[in-house]
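Q: My structure is in final-v1.txt, and what it holds is compact mmCIF, C-alpha atoms:
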# COMPACT_ATOMS: atom_id res chain seq x y z
CA MET A 1 45.51 14.38 12.75
CA ARG A 2 42.12 12.73 12.32
CA GLY A 3 41.55 14.66 9.09
CA LEU A 4 44.91 13.54 7.75
CA PHE A 5 44.11 9.92 8.59
CA LEU A 6 40.76 10.16 6.76
CA ALA A 7 42.47 11.80 3.76
CA ILE A 8 45.02 8.97 3.59
CA ILE A 9 42.27 6.34 3.79
CA THR A 10 40.25 8.13 1.09
CA CYS A 11 43.28 8.43 -1.21
CA THR A 12 44.08 4.75 -0.69
CA ILE A 13 40.53 3.68 -1.60
CA ILE A 14 40.45 5.93 -4.68
CA CYS A 15 43.89 4.73 -5.85
CA ALA A 16 42.88 1.10 -5.33
CA ASN A 17 39.68 1.64 -7.32
CA VAL A 18 41.44 3.47 -10.14
CA ASN A 19 44.04 0.71 -10.40
CA ALA A 20 41.36 -1.95 -10.36
CA GLN A 21 39.40 -0.07 -13.03
CA GLU A 22 42.48 0.11 -15.23
CA GLN A 23 43.15 -3.58 -14.77
CA LYS A 24 39.57 -4.43 -15.63
CA VAL A 25 39.17 -2.28 -18.74
CA ASP A 26 40.61 -4.95 -21.00
CA SER A 27 38.72 -7.78 -19.38
CA LEU A 28 35.24 -6.23 -19.47
CA PRO A 29 33.20 -7.57 -22.39
CA LYS A 30 31.53 -4.97 -24.58
CA TYR A 31 28.29 -6.95 -24.74
CA THR A 32 26.76 -9.29 -22.19
CA TRP A 33 23.48 -10.99 -23.00
CA ASN A 34 21.72 -12.34 -19.89
CA ASN A 35 18.79 -14.76 -19.87
CA GLY A 36 17.05 -16.72 -17.13
CA ILE A 37 14.31 -16.98 -14.54
CA SER A 38 12.76 -13.97 -12.85
CA ILE A 39 11.03 -14.18 -9.44
CA SER A 40 9.10 -11.41 -7.71
CA PRO A 41 9.37 -11.82 -3.94
CA GLN A 42 5.76 -10.85 -3.31
CA MET A 43 5.45 -14.17 -1.52
CA LEU A 44 7.21 -12.57 1.41
CA PHE A 45 4.38 -10.07 1.82
CA VAL A 46 1.21 -11.50 0.35
CA GLY A 47 1.90 -15.17 -0.23
CA ALA A 48 1.87 -14.91 -4.04
CA TRP A 49 4.47 -16.42 -6.35
CA ASP A 50 5.16 -14.38 -9.48
CA ILE A 51 7.62 -16.27 -11.67
CA GLY A 52 8.69 -15.73 -15.29
CA VAL A 53 11.63 -15.16 -17.59
CA TYR A 54 13.96 -12.30 -18.37
CA SER A 55 16.32 -11.30 -21.12
CA ASN A 56 18.57 -8.26 -21.03
CA LEU A 57 21.64 -6.86 -22.72
CA GLU A 58 24.49 -5.01 -21.05
CA TYR A 59 26.46 -2.81 -23.43
CA ARG A 60 29.68 -0.99 -22.56
CA PRO A 61 30.02 1.49 -25.43
CA PHE A 62 33.47 2.75 -24.48
CA GLY A 63 34.90 -0.50 -23.22
CA ASN A 64 35.36 0.99 -19.76
CA SER A 65 33.29 0.82 -16.58
CA PHE A 66 30.45 2.94 -18.00
CA THR A 67 27.68 0.57 -19.01
CA THR A 68 24.09 0.56 -20.28
CA LEU A 69 21.26 -1.91 -19.92
CA VAL A 70 18.13 -2.74 -21.86
CA GLY A 71 15.81 -5.68 -21.28
CA VAL A 72 12.43 -7.25 -20.75
CA ASP A 73 10.85 -9.38 -17.99
CA VAL A 74 7.58 -11.31 -18.17
CA ARG A 75 6.09 -12.76 -14.98
CA ASN A 76 2.81 -14.40 -14.10
CA LYS A 77 1.28 -15.19 -10.70
CA TRP A 78 1.39 -18.98 -10.65
CA LEU A 79 0.39 -19.59 -7.09
CA GLN A 80 -1.24 -17.72 -4.26
CA LEU A 81 -1.19 -19.36 -0.87
CA ASN A 82 -4.68 -20.07 0.42
CA VAL A 83 -3.96 -19.17 4.01
CA SER A 84 -0.89 -17.07 4.48
CA ASN A 85 0.51 -15.34 7.49
CA SER A 86 -0.45 -12.06 5.86
CA GLY A 87 -4.09 -12.77 6.66
CA LEU A 88 -5.24 -13.06 3.07
CA ASP A 89 -7.01 -16.37 3.58
CA THR A 90 -8.64 -16.43 0.15
CA ARG A 91 -9.50 -20.05 -0.48
CA SER A 92 -12.11 -19.20 -3.10
CA LEU A 93 -10.05 -16.69 -5.06
CA ARG A 94 -8.56 -18.05 -8.29
CA SER A 95 -6.06 -16.06 -10.29
CA ILE A 96 -6.75 -16.83 -13.95
CA TYR A 97 -3.80 -14.66 -14.90
CA SER A 98 -1.87 -11.83 -13.32
CA ILE A 99 0.88 -10.80 -15.69
CA ASN A 100 3.55 -8.13 -15.46
CA ILE A 101 5.45 -7.30 -18.64
CA LEU A 102 8.32 -4.99 -17.80
CA THR A 103 10.70 -3.27 -20.17
CA TYR A 104 13.62 -1.38 -18.75
CA THR A 105 16.60 0.67 -19.68
CA GLY A 106 19.44 1.73 -17.45
CA LEU A 107 22.70 3.61 -17.16
CA GLY A 108 25.35 2.55 -14.72
CA PHE A 109 28.87 1.49 -14.02
CA THR A 110 30.74 -1.70 -13.39
CA LEU A 111 32.43 -1.88 -10.03
CA PRO A 112 36.01 -3.05 -9.80
CA THR A 113 35.75 -6.60 -8.54
CA LYS A 114 37.49 -9.96 -8.52
CA LYS A 115 39.04 -11.56 -11.58
CA LYS A 116 36.16 -13.95 -12.26
CA GLU A 117 33.31 -11.71 -11.19
CA THR A 118 31.80 -8.42 -12.36
CA ASN A 119 29.26 -6.36 -10.46
CA SER A 120 27.33 -3.53 -12.07
CA ILE A 121 24.82 -1.06 -10.72
CA TYR A 122 22.27 0.68 -12.96
CA LEU A 123 19.84 3.51 -12.49
CA THR A 124 16.89 1.94 -14.23
CA ALA A 125 13.69 3.31 -15.77
CA THR A 126 10.93 0.70 -15.99
CA PRO A 127 7.73 1.18 -17.96
CA TYR A 128 5.52 -1.87 -17.46
CA PHE A 129 2.19 -3.37 -18.38
CA PHE A 130 0.08 -5.08 -15.73
CA THR A 131 -2.97 -7.16 -16.49
CA PHE A 132 -4.99 -9.51 -14.31
CA LYS A 133 -8.13 -11.58 -14.27
CA ASP A 134 -9.37 -13.30 -11.14
CA LYS A 135 -12.45 -15.16 -10.05
CA VAL A 136 -14.18 -15.66 -6.73
CA GLU A 137 -16.80 -18.31 -6.19
CA THR A 138 -18.47 -18.83 -2.82
CA PRO A 139 -22.15 -19.36 -1.91
CA PHE A 140 -22.42 -15.58 -1.47
CA ILE A 141 -20.19 -14.15 -4.19
CA ASN A 142 -19.56 -15.24 -7.76
CA ASN A 143 -17.54 -12.76 -9.79
CA THR A 144 -14.82 -12.60 -12.40
CA VAL A 145 -13.01 -9.32 -12.86
CA SER A 146 -10.14 -8.20 -15.06
CA ASN A 147 -8.15 -5.06 -15.75
CA SER A 148 -5.05 -3.83 -17.56
CA SER A 149 -2.87 -0.77 -17.11
CA PHE A 150 0.40 0.83 -18.12
CA ASN A 151 2.68 1.99 -15.30
CA PHE A 152 6.14 3.31 -14.67
CA ASN A 153 8.75 3.31 -11.95
CA ALA A 154 12.46 3.95 -11.54
CA GLY A 155 14.89 2.09 -9.37
CA LEU A 156 18.22 0.37 -9.01
CA THR A 157 19.37 -2.81 -10.74
CA TRP A 158 22.34 -4.76 -9.48
CA ILE A 159 23.86 -7.32 -11.82
CA SER A 160 26.53 -9.81 -10.83
CA THR A 161 28.19 -12.17 -13.29
CA LYS A 162 30.45 -14.95 -12.06
CA ILE A 163 32.56 -17.27 -14.19
CA THR A 164 32.50 -20.86 -12.98
CA LYS A 165 35.43 -23.30 -13.11
CA LYS A 166 33.93 -24.76 -16.29
CA GLY A 167 33.86 -21.31 -17.86
CA ARG A 168 30.10 -20.79 -17.62
CA ARG A 169 28.94 -17.31 -16.74
CA ILE A 170 26.24 -17.31 -14.07
CA ASN A 171 24.20 -14.15 -13.83
CA THR A 172 22.35 -12.89 -10.76
CA GLN A 173 20.27 -9.72 -10.77
CA PHE A 174 18.19 -7.78 -8.30
CA TYR A 175 15.87 -4.89 -9.03
CA ILE A 176 14.33 -2.62 -6.42
CA PRO A 177 11.89 0.17 -7.38
CA LEU A 178 12.52 3.45 -5.60
CA LEU A 179 10.42 6.04 -7.43
CA GLY A 180 6.89 5.46 -8.65
CA SER A 181 3.26 5.86 -7.75
CA HIS A 182 3.84 4.48 -4.24
CA PHE A 183 6.71 2.38 -2.96
CA LEU A 184 4.42 -0.38 -1.62
CA ASP A 185 2.42 -0.53 -4.84
CA GLU A 186 5.58 -0.81 -6.91
CA LEU A 187 6.91 -3.72 -4.86
CA ARG A 188 5.32 -6.06 -7.38
CA THR A 189 8.12 -5.05 -9.76
CA MET A 190 10.88 -5.91 -7.28
CA SER A 191 12.60 -8.97 -8.66
CA LEU A 192 15.36 -11.48 -8.23
CA LYS A 193 16.74 -13.05 -11.42
CA ILE A 194 19.06 -15.96 -11.98
CA GLY A 195 20.35 -17.10 -15.34
CA ILE A 196 23.28 -17.42 -17.69
CA SER A 197 25.26 -14.84 -19.64
CA ILE A 198 26.37 -15.16 -23.21
CA MET B 1 28.28 14.42 5.16
CA ARG B 2 27.49 15.87 8.59
CA ASN B 3 25.33 18.56 6.96
CA ILE B 4 23.43 15.94 5.00
CA SER B 5 22.80 13.95 8.20
CA ILE B 6 21.51 17.06 9.97
CA LEU B 7 19.29 17.93 7.00
CA LEU B 8 17.90 14.39 6.86
CA GLY B 9 17.28 14.47 10.61
CA ILE B 10 15.36 17.74 10.32
CA ILE B 11 13.26 16.36 7.43
CA ILE B 12 12.46 13.17 9.35
CA LEU B 13 11.56 15.11 12.50
CA THR B 14 9.39 17.51 10.51
CA LEU B 15 7.55 14.69 8.74
CA SER B 16 7.01 12.68 11.90
CA SER B 17 5.67 15.63 13.83
CA CYS B 18 3.22 16.89 11.19
CA SER B 19 0.10 15.06 12.32
CA LYS B 20 0.68 15.67 16.04
CA ASP B 21 1.17 19.40 15.50
CA GLU B 22 -2.36 19.60 14.14
CA ILE B 23 -3.84 18.56 17.48
CA LYS B 24 -4.54 21.23 20.07
CA PRO B 25 -3.77 20.47 23.71
CA GLY B 26 -6.83 18.85 25.21
CA ASN B 27 -7.88 17.33 21.89
CA ILE B 28 -5.93 14.17 22.52
CA PHE B 29 -6.78 11.83 25.37
CA ASP B 30 -6.82 8.17 26.32
CA LEU B 31 -9.89 5.98 26.66
CA SER B 32 -10.18 2.39 27.80
CA ASN B 33 -12.55 -0.13 26.22
CA SER B 34 -14.43 -1.52 29.22
CA ILE B 35 -15.38 -4.66 27.25
CA ASN B 36 -11.85 -5.95 26.85
CA GLY B 37 -9.58 -3.46 28.62
CA PHE B 38 -7.81 -2.36 25.42
CA GLU B 39 -6.44 1.19 25.59
CA TYR B 40 -6.97 3.74 22.81
CA GLU B 41 -5.71 7.22 22.03
CA ILE B 42 -8.47 9.52 20.83
CA SER B 43 -7.31 12.51 18.79
CA ILE B 44 -9.43 15.34 17.41
CA ILE B 45 -8.53 17.78 14.65
CA GLU B 46 -10.94 20.57 13.74
CA ARG B 47 -11.16 22.88 10.72
CA ASN B 48 -13.49 25.83 10.00
CA ILE B 49 -15.64 25.19 13.02
CA ASN B 50 -18.47 27.66 13.52
CA THR B 51 -21.65 27.40 15.49
CA SER B 52 -24.02 28.24 12.64
CA SER B 53 -23.67 25.05 10.63
CA ALA B 54 -23.70 21.36 11.38
CA LYS B 55 -20.33 19.74 11.80
CA ASN B 56 -18.98 17.13 9.41
CA VAL B 57 -17.41 14.61 11.74
CA VAL B 58 -15.23 11.89 10.19
CA PHE B 59 -14.15 8.95 12.33
CA VAL B 60 -10.90 7.85 10.73
CA LEU B 61 -9.54 4.32 10.96
CA ASP B 62 -5.75 4.06 10.63
CA ALA B 63 -5.72 7.71 11.66
CA ASP B 64 -1.94 8.15 11.75
CA ASP B 65 -1.72 7.21 8.07
CA LEU B 66 -4.88 8.78 6.74
CA ILE B 67 -5.43 12.04 8.66
CA PRO B 68 -2.42 13.79 7.02
CA ILE B 69 -3.79 12.79 3.58
CA ILE B 70 -7.30 13.95 4.50
CA LEU B 71 -6.02 17.33 5.72
CA ASN B 72 -3.96 17.75 2.58
CA GLU B 73 -6.89 16.97 0.30
CA TYR B 74 -9.25 19.13 2.38
CA GLU B 75 -6.89 22.09 1.96
CA ASP B 76 -6.56 21.38 -1.77
CA LEU B 77 -10.34 21.49 -2.08
CA GLY B 78 -10.29 24.98 -0.54
CA SER B 79 -13.35 23.90 1.37
CA VAL B 80 -15.01 26.23 3.84
CA GLU B 81 -17.14 23.44 5.27
CA SER B 82 -16.59 22.43 8.85
CA LEU B 83 -14.56 19.29 9.40
CA VAL B 84 -13.82 17.35 12.57
CA LEU B 85 -11.48 14.36 12.25
CA ILE B 86 -11.51 11.75 15.00
CA GLY B 87 -8.68 9.23 15.30
CA MET B 88 -9.13 6.17 17.51
CA ASN B 89 -5.83 4.30 17.48
CA SER B 90 -4.93 1.46 19.76
CA LYS B 91 -2.21 2.39 22.27
CA GLU B 92 -0.49 -0.84 21.27
CA SER B 93 1.11 -0.72 17.86
CA GLY B 94 0.10 -3.12 15.08
CA LYS B 95 -3.40 -3.91 16.36
CA ARG B 96 -5.40 -2.75 13.35
CA VAL B 97 -6.13 -6.29 12.17
CA ARG B 98 -7.37 -7.19 15.66
CA ASP B 99 -9.71 -4.19 15.82
CA TYR B 100 -10.93 -3.95 12.22
CA THR B 101 -11.79 -7.55 11.34
CA PRO B 102 -15.20 -9.13 12.00
CA THR B 103 -14.04 -12.74 12.27
CA GLU B 104 -11.05 -14.49 13.74
CA ILE B 105 -8.61 -16.48 11.64
CA ASP B 106 -5.91 -18.77 12.96
CA SER B 107 -2.83 -17.02 11.66
CA GLU B 108 -3.14 -13.77 13.59
CA GLU B 109 -4.92 -11.89 16.36
CA SER B 110 -8.17 -10.80 14.75
CA GLY B 111 -11.97 -10.67 14.94
CA LYS B 112 -12.54 -7.89 17.49
CA ALA B 113 -14.48 -5.47 15.26
CA ASP B 114 -17.65 -5.88 17.33
CA GLU B 115 -15.81 -4.90 20.50
CA TYR B 116 -14.23 -1.96 18.69
CA PHE B 117 -17.53 -0.55 17.41
CA ARG B 118 -19.28 -1.09 20.74
CA PHE B 119 -16.41 0.90 22.28
CA ILE B 120 -17.06 3.71 19.78
CA GLU B 121 -20.77 3.58 20.54
CA GLN B 122 -20.55 3.37 24.33
CA LYS B 123 -17.41 5.36 25.14
CA VAL B 124 -16.02 7.43 22.26
CA ILE B 125 -19.18 9.13 20.99
CA PRO B 126 -20.53 9.98 24.50
CA GLU B 127 -17.13 11.37 25.47
CA LEU B 128 -16.94 13.50 22.30
CA GLU B 129 -20.47 14.79 22.96
CA LEU B 130 -19.50 15.63 26.51
CA ARG B 131 -16.48 17.57 25.28
CA GLY B 132 -18.58 19.43 22.69
CA HIS B 133 -16.88 18.09 19.57
CA ILE B 134 -20.05 16.50 18.20
CA ASP B 135 -23.76 16.98 18.77
CA SER B 136 -27.07 15.65 17.52
CA THR B 137 -26.85 17.73 14.31
CA SER B 138 -23.38 16.45 13.33
CA HIS B 139 -23.05 14.43 10.13
CA LYS B 140 -21.04 11.43 11.24
CA SER B 141 -18.92 9.55 8.70
CA LEU B 142 -16.67 6.55 9.05
CA LEU B 143 -13.62 6.37 6.79
CA GLY B 144 -11.35 3.36 6.37
CA HIS B 145 -8.82 2.02 3.89
CA SER B 146 -7.85 -1.59 3.24
CA ILE B 147 -8.58 -3.56 6.43
CA GLY B 148 -10.10 -0.30 7.69
CA GLY B 149 -12.33 -0.36 4.60
CA LEU B 150 -13.49 -3.83 5.62
CA ALA B 151 -14.33 -2.44 9.09
CA THR B 152 -16.25 0.42 7.46
CA CYS B 153 -18.30 -2.04 5.42
CA TYR B 154 -18.90 -4.11 8.55
CA ALA B 155 -20.10 -1.02 10.43
CA PHE B 156 -22.51 -0.37 7.55
CA ILE B 157 -24.21 -3.73 8.05
CA LYS B 158 -23.94 -4.08 11.82
CA TYR B 159 -23.66 -0.59 13.36
CA ASN B 160 -25.52 1.59 10.90
CA SER B 161 -27.19 3.63 13.62
CA LEU B 162 -23.79 5.10 14.54
CA PHE B 163 -22.88 6.79 11.25
CA ASP B 164 -24.61 8.72 8.47
CA ASN B 165 -21.96 8.18 5.81
CA TYR B 166 -19.50 5.40 5.01
CA ILE B 167 -16.25 5.82 3.08
CA ALA B 168 -14.77 2.41 2.29
CA LEU B 169 -11.56 2.63 0.26
CA SER B 170 -9.82 -0.41 -1.27
CA SER B 171 -11.63 -2.57 1.24
CA SER B 172 -10.11 -5.92 2.14
CA LEU B 173 -13.39 -7.76 1.64
CA PHE B 174 -11.42 -10.91 0.86
CA TRP B 175 -10.84 -11.32 4.60
CA ASP B 176 -11.56 -14.85 5.82
CA ASP B 177 -12.51 -16.03 2.35
CA PHE B 178 -14.95 -13.17 1.66
CA VAL B 179 -16.91 -13.84 4.85
CA PHE B 180 -18.25 -10.26 4.76
CA PHE B 181 -20.73 -11.23 2.05
CA GLN B 182 -22.06 -14.05 4.19
CA LEU B 183 -22.50 -11.66 7.13
CA GLU B 184 -24.17 -9.11 4.85
CA ASN B 185 -26.51 -11.76 3.51
CA GLU B 186 -27.53 -12.76 7.04
CA VAL B 187 -28.59 -9.25 8.11
CA ARG B 188 -29.73 -7.88 4.74
CA ASP B 189 -33.48 -8.12 5.40
CA ASN B 190 -33.16 -6.22 8.66
CA ILE B 191 -31.14 -3.33 7.28
CA SER B 192 -32.27 -3.04 3.68
CA GLN B 193 -34.19 0.19 4.41
CA THR B 194 -31.17 1.87 5.95
CA ASN B 195 -30.65 5.45 4.86
CA SER B 196 -27.10 6.67 4.31
CA ILE B 197 -24.43 7.74 1.86
CA PHE B 198 -21.92 5.05 0.91
CA PHE B 199 -18.71 6.00 -0.90
CA ALA B 200 -16.80 2.99 -2.24
CA GLY B 201 -13.54 3.33 -4.13
CA ILE B 202 -10.54 1.40 -5.40
CA GLY B 203 -7.49 1.85 -7.59
CA GLU B 204 -7.78 0.25 -11.00
CA ASN B 205 -4.63 -1.86 -10.53
CA GLU B 206 -5.70 -3.65 -7.37
CA ASP B 207 -5.79 -7.42 -7.34
CA PHE B 208 -5.74 -10.06 -4.56
CA GLY B 209 -9.54 -10.01 -4.59
CA ILE B 210 -9.95 -6.34 -3.71
CA THR B 211 -11.46 -5.55 -7.12
CA ASN B 212 -13.72 -8.58 -6.88
CA GLY B 213 -14.92 -7.54 -3.43
CA TYR B 214 -15.54 -3.98 -4.59
CA VAL B 215 -17.57 -5.08 -7.63
CA HIS B 216 -19.76 -7.40 -5.57
CA LEU B 217 -20.22 -4.86 -2.77
CA THR B 218 -21.39 -2.12 -5.12
CA GLU B 219 -23.70 -4.54 -6.94
CA ASN B 220 -25.25 -5.60 -3.63
CA ILE B 221 -25.77 -2.03 -2.42
CA GLU B 222 -27.38 -1.07 -5.70
CA SER B 223 -29.60 -4.15 -5.69
CA TYR B 224 -30.67 -4.47 -2.07
CA TYR B 225 -30.38 -1.05 -0.43
CA PRO B 226 -32.69 1.34 -2.27
CA ASN B 227 -32.29 4.16 0.24
CA VAL B 228 -28.53 4.16 0.23
CA GLN B 229 -26.93 6.81 -1.96
CA LEU B 230 -24.01 4.91 -3.48
CA ASN B 231 -21.04 6.71 -4.97
CA SER B 232 -18.61 4.20 -6.46
CA ASN B 233 -15.25 5.32 -7.84
CA LYS B 234 -12.42 3.60 -9.64
CA VAL B 235 -9.34 5.79 -10.00
CA SER B 236 -5.89 5.30 -11.45
CA GLY B 237 -3.25 3.70 -9.27
CA SER B 238 -3.15 0.75 -6.97
CA HIS B 239 -3.72 0.03 -3.28
CA TYR B 240 -1.73 2.93 -1.82
CA SER B 241 -1.26 5.30 -4.74
CA SER B 242 -5.03 5.65 -5.19
CA ARG B 243 -5.69 6.85 -1.63
CA SER B 244 -5.28 10.61 -2.12
CA GLU B 245 -7.58 10.85 -5.12
CA LEU B 246 -10.20 8.65 -3.49
CA ILE B 247 -10.11 10.70 -0.29
CA ASN B 248 -10.43 13.89 -2.32
CA LYS B 249 -13.51 12.52 -4.10
CA SER B 250 -15.04 11.20 -0.91
CA LEU B 251 -14.63 14.55 0.87
CA ASN B 252 -16.35 16.22 -2.07
CA ASN B 253 -19.11 13.69 -1.64
CA ILE B 254 -19.78 14.07 2.07
CA LEU B 255 -18.97 17.69 2.98
CA LYS B 256 -22.20 19.61 3.41
Represent the supplied structure as structure tokens.
A:
Amino acid sequence: MRGLFLAIITCTIICANVNAQEQKVDSLPKYTWNNGISISPQMLFVGAWDIGVYSNLEYRPFGNSFTTLVGVDVRNKWLQLNVSNSGLDTRSLRSIYSINILTYTGLGFTLPTKKKETNSIYLTATPYFFTFKDKVETPFINNTVSNSSFNFNAGLTWISTKITKKGRRINTQFYIPLLGSHFLDELRTMSLKIGISI
Amino acid sequence: MRNISILLGIIILTLSSCSKDEIKPGNIFDLSNSINGFEYEISIIERNINTSSAKNVVFVLDADDLIPIILNEYEDLGSVESLVLIGMNSKESGKRVRDYTPTEIDSEESGKADEYFRFIEQKVIPELELRGHIDSTSHKSLLGHSIGGLATCYAFIKYNSLFDNYIALSSSLFWDDFVFFQLENEVRDNISQTNSIFFAGIGENEDFGITNGYVHLTENIESYYPNVQLNSNKVSGSHYSSRSELINKSLNNILK
């Protein structure tokens, strides 16, 4: 009896999704170009604000829910809190620059959603370039150091596009790295993005 | 779905029990720090112990995190050298900042490194000697990463009679606005003739002042401590991803 109930529920969900997919096929744009502001939430962990811009293109080659993604993000550390609750307390440390340039490509699918909203999930591969230069000046230490490196991680990108009453398309994105050198090290590439779609 | 849950459960249980399985009964016990009443769990893991050679004893800060990595790298090295790993974790969780930092800052419980190292000196080492895990011929090393690396550097300047070797990985020398370098400057004349091996390492992608601290630390050791054998290493990766390679190199450096 329980098995039958679960089977009915499963069939209902699948049928609902298939119907929704069919309804959406015509309404899904083949191309969506997204641009806006990108924020890395490192501030939650280490009191640093990495902010920049992003531009990416969603392409649905077959006009159905299968979709691809390619894009680029550029972020710089604009502010590091002097005394944060993470215990950094680095009053004399000055970030001259700390830049992440990320390129990414993804494969995914668009979920069946409401009439004025699309949600897509992508498996994303992200090669990125990280470069920094920072300076410390106290009576006991006076140094400037810099370094650059190429890195890679893979993760999930969620993209939501909503159409406002005025017809504008507002784009919200979230990227979380899942595979890479070490999850905690790759957190610097986690990002929240808000912008417009064309 | 049920099978996947069971499989995941088994994997989680296996992973969580790895480090504890390495410890023989009797090689894990509790000790209380008489200075402040804090309770610690002392754990001992031994490899290739024989009576004919001196033991390499490594006191490991953040033992739960680092001992599995050390054992893995030790086995990868195929080393036949003796190795004794000592973990000294607080019985209360999340107290590493309290125990490993030399000064107190407002935003969190901190600044008890002196009490921690006096506890090692007065209680842990005598107890380990009593139990036969270390003796006067043992080569004693202190290994720490991040805030533990800061504690290792602090032990080098303030408690250098306790250890022969220091392994400071990705040290958080930025603590309290780089106060370590002020403390080092204050005691430098008294300890400049100290004789030890110092292994310092970082990942090349580290920022937040860790690279700056590392550069200045290695410059100071080279400039002011002529009898210290410095081995400085920069490897690929960042704060966490560099740990395994650095531990591998440091073991190569200290095993005798």
Q: Please, which residues in chain B fall within 8 Å of chain A when counting all atoms listed in the file, and what is the closest atom pair and distance in Å to one decimal for each, ordered by chain then residue number, as JSON lines?
A:
{"residue": "B:Ile105", "atom": "CA", "partner": "A:Gly87", "partner_atom": "CA", "distance": 7.7}
{"residue": "B:Ser107", "atom": "CA", "partner": "A:Asn85", "partner_atom": "CA", "distance": 5.6}
{"residue": "B:Glu108", "atom": "CA", "partner": "A:Gly87", "partner_atom": "CA", "distance": 7.1}
{"residue": "B:Phe174", "atom": "CA", "partner": "A:Thr90", "partner_atom": "CA", "distance": 6.2}
{"residue": "B:Trp175", "atom": "CA", "partner": "A:Leu88", "partner_atom": "CA", "distance": 6.1}
{"residue": "B:Asp176", "atom": "CA", "partner": "A:Asp89", "partner_atom": "CA", "distance": 5.3}
{"residue": "B:Asp177", "atom": "CA", "partner": "A:Thr90", "partner_atom": "CA", "distance": 4.5}
{"residue": "B:Phe178", "atom": "CA", "partner": "A:Thr90", "partner_atom": "CA", "distance": 7.3}
{"residue": "B:Phe181", "atom": "CA", "partner": "A:Phe140", "partner_atom": "CA", "distance": 5.8}
{"residue": "B:Gln182", "atom": "CA", "partner": "A:Phe140", "partner_atom": "CA", "distance": 5.9}
{"residue": "B:Asn185", "atom": "CA", "partner": "A:Phe140", "partner_atom": "CA", "distance": 7.5}
{"residue": "B:Glu204", "atom": "CA", "partner": "A:Asn147", "partner_atom": "CA", "distance": 7.1}
{"residue": "B:Asn205", "atom": "CA", "partner": "A:Ser149", "partner_atom": "CA", "distance": 6.9}
{"residue": "B:Asp207", "atom": "CA", "partner": "A:Phe132", "partner_atom": "CA", "distance": 7.3}
{"residue": "B:Phe208", "atom": "CA", "partner": "A:Leu93", "partner_atom": "CA", "distance": 7.9}
{"residue": "B:Gly209", "atom": "CA", "partner": "A:Leu93", "partner_atom": "CA", "distance": 6.7}
{"residue": "B:Thr211", "atom": "CA", "partner": "A:Val145", "partner_atom": "CA", "distance": 7.0}
{"residue": "B:Asn212", "atom": "CA", "partner": "A:Val145", "partner_atom": "CA", "distance": 6.1}
{"residue": "B:Val215", "atom": "CA", "partner": "A:Asn143", "partner_atom": "CA", "distance": 8.0}
{"residue": "B:His216", "atom": "CA", "partner": "A:Ile141", "partner_atom": "CA", "distance": 6.9}
{"residue": "B:Gly237", "atom": "CA", "partner": "A:Ser181", "partner_atom": "CA", "distance": 7.0}
{"residue": "B:Ser238", "atom": "CA", "partner": "A:Asp185", "partner_atom": "CA", "distance": 6.1}
{"residue": "B:His239", "atom": "CA", "partner": "A:Asp185", "partner_atom": "CA", "distance": 6.4}
{"residue": "B:Tyr240", "atom": "CA", "partner": "A:Asp185", "partner_atom": "CA", "distance": 6.2}
{"residue": "B:Ser241", "atom": "CA", "partner": "A:His182", "partner_atom": "CA", "distance": 5.2}
Q: Around the point (14.9, -5.2, -24.2) (coordinates from the file), which residues reach within 10 Å if we count only C-alpha atoms? Answer as JSON, numbers by chain.
A: {"A": [54, 55, 56, 57, 69, 70, 71, 72, 73, 102, 103, 104, 105]}
Q: Please produce a file of those selected residues containing C-alpha atoms, as a CSV table (one decimal), in the coordinates of the input.
A:
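Saved as part16.csv:
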chain,number,residue,atom,x,y,z
A,54,TYR,CA,14.0,-12.3,-18.4
A,55,SER,CA,16.3,-11.3,-21.1
A,56,ASN,CA,18.6,-8.3,-21.0
A,57,LEU,CA,21.6,-6.9,-22.7
A,69,LEU,CA,21.3,-1.9,-19.9
A,70,VAL,CA,18.1,-2.7,-21.9
A,71,GLY,CA,15.8,-5.7,-21.3
A,72,VAL,CA,12.4,-7.2,-20.8
A,73,ASP,CA,10.8,-9.4,-18.0
A,102,LEU,CA,8.3,-5.0,-17.8
A,103,THR,CA,10.7,-3.3,-20.2
A,104,TYR,CA,13.6,-1.4,-18.8
A,105,THR,CA,16.6,0.7,-19.7
Q: Take atom CA of Gly37 of chain B and atom CA of Glu115 of chain B and report the distance between them in Å, one decimal.
A: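 Rounded to one decimal, the two atoms are 10.3 Å apart.
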Q: Grab the atom CA of Asn233 of chain B to atom CA of Phe129 of chain A distance for me, in Å with one decimal place.
A: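 Separation of atom CA of Asn233 of chain B and atom CA of Phe129 of chain A: 22.2 Å.
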Q: Please return as number ranges by chain every residue within 12 Å of (10.9, -15.6, -10.6), taking into account all atoms listed in the file and the file's own coordinates.
A: A: 36-43, 48-54, 73-79, 100, 172-175, 188-195
Q: Excluding Tyr59 of chain A and any residue of its chain fewer than 4 positions from it, enumerate the residues within 10 Å of it, using all atoms listed in the file, and give them as a PyMOL selection string.
A: chain A and resi 29-33+63+66-70+107
Q: So what do you get for atom CA of Phe156 of chain B versus atom CA of Leu230 of chain B, distance-wise?
A: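 Interatomic distance here is 12.3 Å.
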Q: Quick one: residues within 12 Å of Glu127 of chain B, all atoms listed in the file counted, chain neighbours fewer than 4 positions away excluded, as a list in words?
A: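 Counting only the stated atoms, we get Asn27, Ile28, Phe29, Asp30, Leu31, Ser32, Ile42, Ser43, Ile44, Ile86, Phe119, Ile120, Glu121, Gln122, Lys123, Arg131, Gly132, His133, Ile134 and Asp135 of chain B.
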